[in-house]
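This is query28.txt. It holds compact mmCIF, C-alpha atoms.
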```txt
# COMPACT_ATOMS: atom_id res chain seq x y z
CA ALA J 1 0.00 0.00 0.00
CA GLN J 2 1.09 3.51 -0.71
CA THR J 3 2.14 5.72 2.18
CA VAL J 4 2.75 9.45 2.29
CA THR J 5 4.99 11.03 4.91
CA GLN J 6 5.17 14.68 5.84
CA SER J 7 7.92 14.97 8.43
CA GLN J 8 7.27 18.59 9.40
CA PRO J 9 4.14 18.93 11.56
CA GLU J 10 4.59 22.71 11.70
CA MET J 11 6.56 25.32 9.77
CA SER J 12 6.74 29.08 9.93
CA VAL J 13 7.92 31.68 7.45
CA GLN J 14 8.23 35.44 7.35
CA GLU J 15 6.04 37.29 4.92
CA ALA J 16 7.75 37.66 1.51
CA GLU J 17 10.23 34.89 2.28
CA THR J 18 10.44 31.40 0.75
CA VAL J 19 9.52 28.16 2.49
CA THR J 20 9.78 24.52 1.44
CA LEU J 21 7.46 21.81 2.73
CA SER J 22 8.69 18.22 2.53
CA CYS J 23 6.85 15.11 1.41
CA THR J 24 8.05 11.59 0.73
CA TYR J 25 6.03 8.63 -0.42
CA ASP J 26 6.36 4.94 -0.90
CA THR J 27 5.00 3.15 -3.95
CA SER J 28 5.72 0.30 -6.31
CA GLU J 29 3.84 1.93 -9.18
CA SER J 30 5.70 3.57 -12.04
CA ASP J 31 2.95 5.94 -13.14
CA TYR J 32 1.03 7.97 -10.62
CA TYR J 33 -0.05 11.46 -9.64
CA LEU J 34 0.95 13.62 -6.73
CA PHE J 35 -0.87 16.62 -5.34
CA TRP J 36 -0.50 19.36 -2.78
CA TYR J 37 -3.71 20.54 -1.16
CA LYS J 38 -4.12 23.55 1.09
CA GLN J 39 -6.69 23.73 3.87
CA PRO J 40 -7.01 27.19 5.45
CA PRO J 41 -8.91 27.82 8.68
CA SER J 42 -12.11 28.04 6.61
CA ARG J 43 -11.61 24.27 6.22
CA GLN J 44 -12.13 24.04 2.46
CA MET J 45 -9.51 21.88 0.75
CA ILE J 46 -8.01 23.70 -2.22
CA LEU J 47 -5.84 22.09 -4.86
CA VAL J 48 -2.51 23.90 -5.04
CA ILE J 49 -0.54 21.92 -7.59
CA ARG J 50 -0.33 18.52 -9.26
CA GLN J 51 2.50 16.49 -10.72
CA GLU J 52 2.35 13.55 -13.07
CA ALA J 53 5.08 11.04 -12.33
CA TYR J 54 5.89 10.49 -16.02
CA LYS J 55 6.73 14.18 -16.45
CA GLN J 56 10.31 15.09 -15.65
CA GLN J 57 9.56 18.79 -15.55
CA ASN J 58 8.60 20.13 -12.14
CA ALA J 59 5.12 21.64 -11.95
CA THR J 60 4.74 25.36 -11.26
CA GLU J 61 1.69 27.46 -10.41
CA ASN J 62 2.53 31.11 -9.87
CA ARG J 63 4.36 31.31 -6.51
CA PHE J 64 4.06 27.58 -5.91
CA SER J 65 6.47 25.06 -7.38
CA VAL J 66 7.47 21.51 -6.65
CA ASN J 67 10.75 19.65 -6.56
CA PHE J 68 9.85 16.18 -7.76
CA GLN J 69 12.57 13.57 -7.32
CA LYS J 70 11.12 10.32 -8.60
CA ALA J 71 14.03 8.08 -7.73
CA ALA J 72 14.12 9.44 -4.20
CA LYS J 73 10.31 9.40 -3.99
CA SER J 74 10.32 12.96 -2.82
CA PHE J 75 7.80 15.70 -3.66
CA SER J 76 8.47 18.98 -1.88
CA LEU J 77 6.47 22.19 -2.23
CA LYS J 78 8.19 25.57 -2.45
CA ILE J 79 6.22 28.71 -1.72
CA SER J 80 7.92 31.88 -2.86
CA ASP J 81 7.13 35.41 -1.69
CA SER J 82 4.95 34.03 1.12
CA GLN J 83 1.75 35.91 1.86
CA LEU J 84 -0.44 36.00 4.95
CA GLY J 85 -3.12 34.19 2.99
CA ASP J 86 -0.79 31.22 2.52
CA ALA J 87 -1.23 30.30 6.20
CA ALA J 88 -2.95 26.92 6.22
CA MET J 89 -2.55 23.21 6.69
CA TYR J 90 -0.84 21.72 3.65
CA PHE J 91 -1.46 18.11 2.70
CA CYS J 92 0.62 16.10 0.29
CA ALA J 93 -1.45 13.44 -1.48
CA TYR J 94 -0.80 10.43 -3.68
CA ARG J 95 -3.38 9.27 -6.16
CA SER J 96 -3.52 5.49 -5.86
CA GLU J 97 -5.57 2.91 -7.68
CA LEU J 98 -8.15 0.95 -5.76
CA SER J 99 -8.88 -2.67 -6.50
CA GLY J 100 -11.02 -3.04 -9.60
CA GLY J 101 -8.81 -0.85 -11.74
CA SER J 102 -11.19 2.02 -12.36
CA ASN J 103 -11.27 3.80 -9.06
CA TYR J 104 -8.65 5.87 -7.41
CA LYS J 105 -8.28 7.30 -3.95
CA LEU J 106 -6.19 10.05 -2.48
CA THR J 107 -3.80 8.95 0.22
CA PHE J 108 -2.93 11.98 2.31
CA GLY J 109 0.05 12.74 4.47
CA LYS J 110 -0.61 13.97 8.01
CA GLY J 111 -0.17 17.56 6.99
CA THR J 112 2.12 20.49 7.71
CA LEU J 113 0.69 23.54 9.46
CA LEU J 114 2.22 26.64 7.91
CA THR J 115 2.26 29.92 9.82
CA VAL J 116 3.13 33.15 8.00
CA ASN J 117 4.51 35.88 10.23
CA PRO J 118 4.02 39.53 9.25
CA ASP A 1 -16.84 27.04 -12.27
CA THR A 2 -15.04 24.64 -9.97
CA GLU A 3 -17.47 24.78 -7.11
CA VAL A 4 -18.75 22.00 -4.94
CA THR A 5 -21.40 23.08 -2.46
CA GLN A 6 -22.40 21.37 0.76
CA THR A 7 -25.32 21.91 3.11
CA PRO A 8 -25.70 22.42 5.94
CA LYS A 9 -22.47 24.05 7.09
CA HIS A 10 -23.03 22.95 10.66
CA LEU A 11 -25.21 20.19 12.08
CA VAL A 12 -25.86 19.13 15.66
CA MET A 13 -27.79 15.92 16.14
CA GLY A 14 -28.65 13.49 18.89
CA MET A 15 -27.79 9.83 18.74
CA THR A 16 -31.39 8.89 17.92
CA ASN A 17 -31.86 11.47 15.17
CA LYS A 18 -31.95 10.95 11.43
CA LYS A 19 -30.38 13.65 9.31
CA SER A 20 -28.89 14.06 5.85
CA LEU A 21 -25.93 15.89 4.37
CA LYS A 22 -26.15 17.24 0.84
CA CYS A 23 -23.47 17.82 -1.77
CA GLU A 24 -23.93 19.35 -5.20
CA GLN A 25 -21.71 20.06 -8.20
CA HIS A 26 -22.54 21.38 -11.64
CA MET A 27 -19.22 20.76 -13.34
CA GLY A 28 -20.37 17.63 -15.16
CA HIS A 29 -18.16 15.50 -12.96
CA ARG A 30 -18.97 11.80 -12.97
CA ALA A 31 -17.19 10.76 -9.79
CA MET A 32 -18.14 11.96 -6.33
CA TYR A 33 -16.65 11.20 -2.93
CA TRP A 34 -17.41 11.43 0.78
CA TYR A 35 -14.56 11.95 3.23
CA LYS A 36 -14.50 12.18 7.01
CA GLN A 37 -11.97 14.46 8.67
CA LYS A 38 -11.23 14.57 12.38
CA ALA A 39 -9.52 17.59 13.88
CA LYS A 40 -5.86 17.97 12.89
CA LYS A 41 -6.01 14.81 10.80
CA PRO A 42 -6.06 14.24 7.04
CA PRO A 43 -9.33 13.34 5.34
CA GLU A 44 -10.28 9.66 5.24
CA LEU A 45 -12.18 8.28 2.27
CA MET A 46 -15.63 6.85 3.04
CA PHE A 47 -17.42 6.31 -0.28
CA VAL A 48 -16.86 6.70 -4.00
CA TYR A 49 -19.63 7.06 -6.57
CA SER A 50 -18.80 6.51 -10.23
CA TYR A 51 -21.46 7.38 -12.80
CA GLU A 52 -24.07 7.50 -10.04
CA LYS A 53 -23.27 4.01 -8.80
CA LEU A 54 -21.57 3.21 -5.52
CA SER A 55 -18.20 1.80 -6.46
CA ILE A 56 -16.25 1.94 -3.23
CA ASN A 57 -17.29 1.62 0.42
CA GLU A 58 -14.27 1.84 2.68
CA SER A 59 -15.81 -0.40 5.36
CA VAL A 60 -18.00 2.39 6.66
CA PRO A 61 -20.58 1.47 9.36
CA SER A 62 -24.14 1.09 8.10
CA ARG A 63 -25.30 4.06 10.17
CA PHE A 64 -23.88 6.08 7.26
CA SER A 65 -25.90 5.57 4.09
CA PRO A 66 -24.87 7.32 0.86
CA GLU A 67 -27.17 8.09 -2.02
CA CYS A 68 -26.59 9.56 -5.48
CA PRO A 69 -29.99 10.60 -6.93
CA ASN A 70 -28.42 12.09 -10.07
CA SER A 71 -25.06 13.01 -11.51
CA SER A 72 -24.97 16.37 -9.73
CA LEU A 73 -26.17 15.43 -6.29
CA LEU A 74 -24.76 13.30 -3.50
CA ASN A 75 -26.39 12.71 -0.13
CA LEU A 76 -25.17 11.14 3.06
CA HIS A 77 -27.94 9.86 5.32
CA LEU A 78 -27.13 9.63 9.00
CA HIS A 79 -28.91 7.49 11.58
CA ALA A 80 -28.08 6.40 15.12
CA LEU A 81 -24.68 8.05 15.10
CA GLN A 82 -22.21 7.93 17.94
CA PRO A 83 -20.35 10.86 19.51
CA GLU A 84 -17.13 9.63 17.89
CA ASP A 85 -18.73 10.29 14.51
CA SER A 86 -18.43 14.01 15.19
CA ALA A 87 -16.16 15.37 12.45
CA LEU A 88 -15.95 17.49 9.33
CA TYR A 89 -17.57 15.68 6.40
CA LEU A 90 -16.13 16.65 3.06
CA CYS A 91 -17.59 16.01 -0.35
CA ALA A 92 -15.43 16.03 -3.46
CA SER A 93 -15.86 15.44 -7.16
CA SER A 94 -13.64 14.69 -10.13
CA LEU A 95 -14.20 14.68 -13.86
CA GLU A 96 -13.94 10.90 -14.07
CA PRO A 97 -13.20 8.09 -11.59
CA GLY A 98 -9.67 7.94 -12.98
CA PRO A 99 -6.58 9.85 -11.92
CA TYR A 100 -8.09 13.32 -12.03
CA GLU A 101 -7.80 15.98 -9.39
CA GLN A 102 -10.59 16.15 -6.88
CA TYR A 103 -12.39 19.37 -6.06
CA PHE A 104 -13.61 19.65 -2.50
CA GLY A 105 -16.62 21.34 -0.96
CA PRO A 106 -16.38 23.44 2.21
CA GLY A 107 -17.59 20.58 4.40
CA THR A 108 -20.29 20.04 6.99
CA ARG A 109 -19.21 20.26 10.62
CA LEU A 110 -21.17 17.50 12.39
CA THR A 111 -21.53 17.27 16.15
CA VAL A 112 -23.24 14.24 17.66
CA THR A 113 -24.51 14.75 21.21
```
Give the structure from this file in structure tokens form.
Amino acid sequence: AQTVTQSQPEMSVQEAETVTLSCTYDTSESDYYLFWYKQPPSRQMILVIRQEAYKQQNATENRFSVNFQKAAKSFSLKISDSQLGDAAMYFCAYRSELSGGSNYKLTFGKGTLLTVNP
Amino acid sequence: DTEVTQTPKHLVMGMTNKKSLKCEQHMGHRAMYWYKQKAKKPPELMFVYSYEKLSINESVPSRFSPECPNSSLLNLHLHALQPEDSALYLCASSLEPGPYEQYFGPGTRLTVT
């Protein structure tokens, strides 16, 4: 079974600075998808970025980028120019296939709580 | 429009009550999901509906009963819940049951007294 590990329960960053959140995963699959979700205090889960394992190029969405190291099974999220609105719980997630072949589930890490200091 | 809506936002119910949670999306998505999230924990998958049919039940107790009346609507019927069932219940949808990103609703905060 796939597992997702986020080793940093909490992180803090100064406004306008850069922070990197770590995520590692364990899988025997060769093709898969990885995601970072953000959950602010409002509690709604928001997709931040996705990465397809077959793509060598790291995904980027505005101030958010990933460092995807397939061999090392590492998928870190970098937030540049941090803003107060970035404060949230960040979940790394692996999209795994359920038995039957046509259904997939998200396996989440335990999350990293990011605080942004003004 | 990437919106998934859920009602109610908050629900308090007794252990003998029957209540329902509602989830709606109008993105033409054909897969819908129910998750349960306890405080400071990641979401846990409960059910998956693919093309309006229940395809996955992650060993959820029968006091939770999902229903998908049409492709846009997903309900979760609650009956004889326990206090430990108190949690945030999240609904999500994706374009297809395959490896597509899921879009989440804001959740229903359920308290069982």
Next on the checklist: I'd like the neighbourhood of segment 13-21 of chain J as JSON, numbers by chain, where a residue qualifies if any of its atoms comes within 6 Å (using all atoms listed in the file), though same-chain residues fewer than 4 positions away should be ignored.
Outcome noted: {"J": [76, 77, 78, 79, 80, 81, 82, 83, 116, 117, 118]}
Could I get the residues of chain A with an atom no further than 10 Å from an atom of chain J, each paired with its nearest atom pair and that distance in Å to one decimal, using all atoms listed in the file, sorted by chain and residue number, as JSON lines?
```
{"residue": "A:Ala31", "atom": "CA", "partner": "J:Asn103", "partner_atom": "CA", "distance": 9.2}
{"residue": "A:Tyr33", "atom": "CA", "partner": "J:Lys105", "partner_atom": "CA", "distance": 9.3}
{"residue": "A:Lys40", "atom": "CA", "partner": "J:Gly111", "partner_atom": "CA", "distance": 8.2}
{"residue": "A:Lys41", "atom": "CA", "partner": "J:Lys110", "partner_atom": "CA", "distance": 6.1}
{"residue": "A:Pro42", "atom": "CA", "partner": "J:Lys110", "partner_atom": "CA", "distance": 5.5}
{"residue": "A:Pro43", "atom": "CA", "partner": "J:Phe108", "partner_atom": "CA", "distance": 7.2}
{"residue": "A:Glu44", "atom": "CA", "partner": "J:Thr107", "partner_atom": "CA", "distance": 8.2}
{"residue": "A:Leu45", "atom": "CA", "partner": "J:Lys105", "partner_atom": "CA", "distance": 7.4}
{"residue": "A:Phe47", "atom": "CA", "partner": "J:Lys105", "partner_atom": "CA", "distance": 9.9}
{"residue": "A:Val48", "atom": "CA", "partner": "J:Asn103", "partner_atom": "CA", "distance": 8.1}
{"residue": "A:Tyr49", "atom": "CA", "partner": "J:Asn103", "partner_atom": "CA", "distance": 9.3}
{"residue": "A:Ser50", "atom": "CA", "partner": "J:Asn103", "partner_atom": "CA", "distance": 8.1}
{"residue": "A:Ser55", "atom": "CA", "partner": "J:Asn103", "partner_atom": "CA", "distance": 7.7}
{"residue": "A:Ile56", "atom": "CA", "partner": "J:Asn103", "partner_atom": "CA", "distance": 7.9}
{"residue": "A:Leu88", "atom": "CA", "partner": "J:Arg43", "partner_atom": "CA", "distance": 8.6}
{"residue": "A:Leu90", "atom": "CA", "partner": "J:Gln44", "partner_atom": "CA", "distance": 8.4}
{"residue": "A:Ala92", "atom": "CA", "partner": "J:Met45", "partner_atom": "CA", "distance": 9.3}
{"residue": "A:Glu96", "atom": "CA", "partner": "J:Asn103", "partner_atom": "CA", "distance": 9.1}
{"residue": "A:Pro97", "atom": "CA", "partner": "J:Asn103", "partner_atom": "CA", "distance": 5.3}
{"residue": "A:Gly98", "atom": "CA", "partner": "J:Asn103", "partner_atom": "CA", "distance": 5.9}
{"residue": "A:Pro99", "atom": "CA", "partner": "J:Tyr104", "partner_atom": "CA", "distance": 6.4}
{"residue": "A:Tyr100", "atom": "CA", "partner": "J:Arg95", "partner_atom": "CA", "distance": 8.5}
{"residue": "A:Glu101", "atom": "CA", "partner": "J:Leu47", "partner_atom": "CA", "distance": 7.9}
{"residue": "A:Gln102", "atom": "CA", "partner": "J:Leu47", "partner_atom": "CA", "distance": 7.9}
{"residue": "A:Tyr103", "atom": "CA", "partner": "J:Leu47", "partner_atom": "CA", "distance": 7.2}
{"residue": "A:Phe104", "atom": "CA", "partner": "J:Met45", "partner_atom": "CA", "distance": 5.7}
{"residue": "A:Gly105", "atom": "CA", "partner": "J:Gln44", "partner_atom": "CA", "distance": 6.3}
{"residue": "A:Pro106", "atom": "CA", "partner": "J:Gln44", "partner_atom": "CA", "distance": 4.3}
{"residue": "A:Gly107", "atom": "CA", "partner": "J:Gln44", "partner_atom": "CA", "distance": 6.7}
{"residue": "A:Thr108", "atom": "CA", "partner": "J:Arg43", "partner_atom": "CA", "distance": 9.7}
{"residue": "A:Arg109", "atom": "CA", "partner": "J:Arg43", "partner_atom": "CA", "distance": 9.7}
```
Spatial neighbours of segment 75-84 of chain A, 9 Å, all atoms listed in the file, chain gap at least 2 places, as a PDB file with C-alpha atoms, in the coordinates of the input:
```
ATOM      1  CA  MET A  13     -27.790  15.920  16.140  1.00  0.00           C
ATOM      2  CA  GLY A  14     -28.650  13.490  18.890  1.00  0.00           C
ATOM      3  CA  MET A  15     -27.790   9.830  18.740  1.00  0.00           C
ATOM      4  CA  THR A  16     -31.390   8.890  17.920  1.00  0.00           C
ATOM      5  CA  ASN A  17     -31.860  11.470  15.170  1.00  0.00           C
ATOM      6  CA  LYS A  18     -31.950  10.950  11.430  1.00  0.00           C
ATOM      7  CA  LYS A  19     -30.380  13.650   9.310  1.00  0.00           C
ATOM      8  CA  SER A  20     -28.890  14.060   5.850  1.00  0.00           C
ATOM      9  CA  LEU A  21     -25.930  15.890   4.370  1.00  0.00           C
ATOM     10  CA  LYS A  22     -26.150  17.240   0.840  1.00  0.00           C
ATOM     11  CA  CYS A  23     -23.470  17.820  -1.770  1.00  0.00           C
ATOM     12  CA  GLU A  24     -23.930  19.350  -5.200  1.00  0.00           C
ATOM     13  CA  TRP A  34     -17.410  11.430   0.780  1.00  0.00           C
ATOM     14  CA  SER A  62     -24.140   1.090   8.100  1.00  0.00           C
ATOM     15  CA  ARG A  63     -25.300   4.060  10.170  1.00  0.00           C
ATOM     16  CA  PHE A  64     -23.880   6.080   7.260  1.00  0.00           C
ATOM     17  CA  SER A  65     -25.900   5.570   4.090  1.00  0.00           C
ATOM     18  CA  PRO A  66     -24.870   7.320   0.860  1.00  0.00           C
ATOM     19  CA  GLU A  67     -27.170   8.090  -2.020  1.00  0.00           C
ATOM     20  CA  CYS A  68     -26.590   9.560  -5.480  1.00  0.00           C
ATOM     21  CA  PRO A  69     -29.990  10.600  -6.930  1.00  0.00           C
ATOM     22  CA  LEU A  73     -26.170  15.430  -6.290  1.00  0.00           C
ATOM     23  CA  SER A  86     -18.430  14.010  15.190  1.00  0.00           C
ATOM     24  CA  ALA A  87     -16.160  15.370  12.450  1.00  0.00           C
ATOM     25  CA  THR A 111     -21.530  17.270  16.150  1.00  0.00           C
ATOM     26  CA  VAL A 112     -23.240  14.240  17.660  1.00  0.00           C
ATOM     27  CA  THR A 113     -24.510  14.750  21.210  1.00  0.00           C
TER      28      THR A 113
END
```
Item to check | Which residue of J:Trp36, J:Pro41, J:Lys73, J:Ala87 approaches Glu61 of chain J most closely, using only C-alpha atoms | outcome: J:Trp36
Next on the checklist: I'd like the interatomic distance between atom CA of Phe75 of chain J and atom CA of Tyr94 of chain J, to a tenth of an Å.
Outcome noted: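 Computed distance, atom CA of Phe75 of chain J to atom CA of Tyr94 of chain J, equals 10.1 Å.
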Segment 80-97 of chain J, all listed atoms, 4 Å padding on each side: what axis-aligned box centre and edge lengths in Å to one decimal come out, as AutoDock Vina command-line options?
```
--center_x 1.2 --center_y 19.5 --center_z -0.5 --size_x 21.5 --size_y 41.1 --size_z 22.4
```
Next on the checklist: Using Å and a single decimal, report how far atom CA of Tyr89 of chain A sits from atom CA of Ser74 of chain J.
Outcome noted: 29.5 Å
Checklist entry - Within 12 Å of (-17.6, 27.0, -12.5), in the coordinates the file gives, what residues turn up when you count all atoms listed in the file, written out as a PyMOL selection string? => result chain A and resi 1-5+25-29+103
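Picture a line from atom CA of Thr3 of chain J to atom CA of Leu95 of chain A; it runs 24.6 Å.
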